[in-house]
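Working notes, structure below.
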Amino acid sequence: MSARERFAQSAPRSPEVHLFDGRHALLPNGNRIYTLSDEAYRHLQTVDATAIADALLHMDLAAPRYVDDRAPESVPLRSISLAVAQKCNLACTYCYAQQGDFGGAAKNMPLDVATRSIDLLLGEAAAGERFNVAFLGGEPLVNRAVLRAATEHAASLAAARGALVTFSITTNGTLLVEEDAAFFERHRFAVTVSVDGIGETHDRLRPAKGGRGSFDELVRRVRPLLDTQRAMQVSARVTVTPRNLALHETLDALIAMGFHSVGFSPMLRAPSGNEEMTLDDLETMLDAMVDCGQAFERALLAGRRYPFANMVNALREIHRGTHRPYPCGAGGGYAGVSADGDLAACHRFVGDAAGAMGHIDRGIDPDRQKTWLHERHVHRQDPCSVCWARYMCGGGCHHEVIERGRPACDYIRGWLDYCLGAYVRLLEGRPDWFGAGLP
């Protein structure tokens, strides 16, 4: 099936049900999946959309609402990202951070801002609670000393309170040194390296500020991490633009390099408008993603590991029946922190008044958070309220939606439609894989 056909097949017909694979139904309320008889499938296929709710009730498939209209009054902070360096050594053509400085003066986060941010996160942590500290930029390794000191401070504070803190970093990889491998391994970092293709493809999208390519330097410097990773996990993240759509080749090459997992994300919003994906580009991307997904299916059925992160994550969410009114924790349990200590809904809203959430010295502004959670609830997003995929995608990335709208709905539904079919196939062919906890 082509992407265009999948776009048509997955178009919303009813917010109450999505039919797929000729015999299965996804009920968005709770994201429940049922195998239907031929008669029941045909009935739901042909019944008027306004009568589907009654048909589900008659088939004994109705259930109380899992998600209501009420937004939480507040959400405790559980994760922060520190923009430890609002500067970068690369000049990526689409950078959301506008070459790392977020449209302002290039700056590093002082250590006291980093430690006060961590004190805000962990100051009242209780035993057994879990937290995450992420380091982003710009390029966070420009400010390596503060990154390391902040990590040690967070680890010490969490240990004193009996809490668990995990760490992550997103880096362009070109400033890594061998000592970083040991440090990240000791603190069990999740390391994400931005790699937008192989060789010249990457170089065109992620050049150094002088214009020189960065791929060879990245490969050389990431090798010690790939060789060291045990507690640490080193993943590759590919931002997909109209210029790097050869996904299967990229995926296989990065897996061969030793990355723990590889994931793809379409470029939907760039401050400059450069490299943004159109619907035609997203159609090409969906064909490529399904090609990668089919390779994943073949590998899994043959007993081989194939760490295609988008597929693993989708299967995990489907298996759990995950249903949510927001796409992520932005503005809720997660906040971004600027180099000056301003709090934002997430790392993409640093320096953007649309996502301002307070300051580390005062904490999250409760009125601002309450308003955000109310306004960004998926039931208040158009056209999400009539879409069967609403509790899977949660309404889409807040930053992208606010800045550009929803250019990717057909792509998202098409990908989820494929993943639902793959899920029922793999649940039948490799049920042990799901029982093992989706490695």
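In the structure tokens, chains take the letters A, B, ... in the order shown, each chain's residues start at 1, and ligands count up from 1 in the order shown.
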Close residues, Asn172 (chain A) itself excluded, 12 Å, only C-alpha atoms, min 3 positions apart in chain, as a PyMOL selection string:
chain A and resi 88-92+95+100+136-142+169+175-176+191-196+202-203+205-208+214-215+217-219+221-222+235-239
Give the alpha helix (DSSP H) residues of region 19-255 of chain A, as assigned by DSSP on the backbone, as a ChimeraX atom specification.
/A:38-46,52-58,111-122,144-161,178-186,200-205,215-228,247-255
Restrict the calculation to only C-alpha atoms, then for each residue of region 313-377 of chain A with any atom at most 7 Å from an atom of region 56-77 of chain A give the closest atom pair and their distance in Å to one decimal, rows by chain and rising residue number, as CSV.
residue,atom,partner,partner_atom,distance
A:Pro325,CA,A:Val67,CA,7.0
A:Gly332,CA,A:Val75,CA,5.2
A:Gly333,CA,A:Leu77,CA,4.3
A:Tyr334,CA,A:Leu77,CA,5.9
A:Pro366,CA,A:Ser74,CA,6.9
A:Gln369,CA,A:Ser74,CA,6.7
A:Lys370,CA,A:Glu73,CA,5.5
A:Leu373,CA,A:Ala71,CA,5.8
A:His374,CA,A:Ala71,CA,5.2
A:His377,CA,A:Ala71,CA,6.7
Could you tell me how far CA of Phe259 (chain A) lies from CA of Trp433 (chain A), in Å and to one decimal?
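Atom-to-atom, CA of Phe259 (chain A) to CA of Trp433 (chain A), that is 20.7 Å.
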Can you pull out every residue within 12 Å of Ala299 (chain A), counting only C-alpha atoms, but drop anything in the same chain fewer than 5 positions away, and send it as a PyMOL selection string?
chain A and resi 292-294+304-308+426+429-430
Restrict the selected residues to N, CA and C atoms and save them as a PDB file, in the first residue's frame.
ATOM      1  N   CYS A 292      11.116   0.939   6.368  1.00  0.00           N
ATOM      2  CA  CYS A 292      11.922   0.630   7.557  1.00  0.00           C
ATOM      3  C   CYS A 292      11.145  -0.261   8.525  1.00  0.00           C
ATOM      4  N   GLY A 293       9.853   0.027   8.689  1.00  0.00           N
ATOM      5  CA  GLY A 293       9.031  -0.779   9.582  1.00  0.00           C
ATOM      6  C   GLY A 293       8.920  -2.216   9.122  1.00  0.00           C
ATOM      7  N   GLN A 294       8.805  -2.423   7.828  1.00  0.00           N
ATOM      8  CA  GLN A 294       8.729  -3.786   7.301  1.00  0.00           C
ATOM      9  C   GLN A 294      10.050  -4.521   7.508  1.00  0.00           C
ATOM     10  N   ARG A 304      16.175 -11.376  15.055  1.00  0.00           N
ATOM     11  CA  ARG A 304      17.287 -10.429  15.043  1.00  0.00           C
ATOM     12  C   ARG A 304      16.854  -9.079  15.615  1.00  0.00           C
ATOM     13  N   ARG A 305      17.762  -8.429  16.314  1.00  0.00           N
ATOM     14  CA  ARG A 305      17.505  -7.094  16.837  1.00  0.00           C
ATOM     15  C   ARG A 305      17.660  -6.072  15.717  1.00  0.00           C
ATOM     16  N   TYR A 306      16.713  -5.159  15.644  1.00  0.00           N
ATOM     17  CA  TYR A 306      16.745  -4.114  14.616  1.00  0.00           C
ATOM     18  C   TYR A 306      16.231  -2.839  15.280  1.00  0.00           C
ATOM     19  N   PRO A 307      17.117  -2.019  15.857  1.00  0.00           N
ATOM     20  CA  PRO A 307      16.703  -0.936  16.768  1.00  0.00           C
ATOM     21  C   PRO A 307      16.180   0.316  16.071  1.00  0.00           C
ATOM     22  N   PHE A 308      15.037   0.172  15.440  1.00  0.00           N
ATOM     23  CA  PHE A 308      14.327   1.274  14.785  1.00  0.00           C
ATOM     24  C   PHE A 308      13.419   1.898  15.835  1.00  0.00           C
ATOM     25  N   LEU A 426       2.729  -8.828  14.700  1.00  0.00           N
ATOM     26  CA  LEU A 426       3.843  -9.234  15.555  1.00  0.00           C
ATOM     27  C   LEU A 426       3.354  -9.854  16.864  1.00  0.00           C
ATOM     28  N   GLY A 429       2.949 -13.282  15.726  1.00  0.00           N
ATOM     29  CA  GLY A 429       4.170 -13.980  15.315  1.00  0.00           C
ATOM     30  C   GLY A 429       5.261 -14.003  16.358  1.00  0.00           C
ATOM     31  N   ARG A 430       5.319 -12.984  17.239  1.00  0.00           N
ATOM     32  CA  ARG A 430       6.361 -12.923  18.269  1.00  0.00           C
ATOM     33  C   ARG A 430       5.783 -12.441  19.604  1.00  0.00           C
TER      34      ARG A 430
END
Which polymer residues have any atom within 12 Å of an atom of Gly22 (chain A), counting only C-alpha atoms, with same-chain residues fewer than 3 positions away left out, as a list in words?
Gln9, His18, Leu19, Ala25, Leu26, Tyr34, Thr35, Leu36, Ser37, Asp38, Glu39, Ala40, Tyr41, Arg42, Leu44, Gln45, Leu420, Gly421 and Val424 of chain A
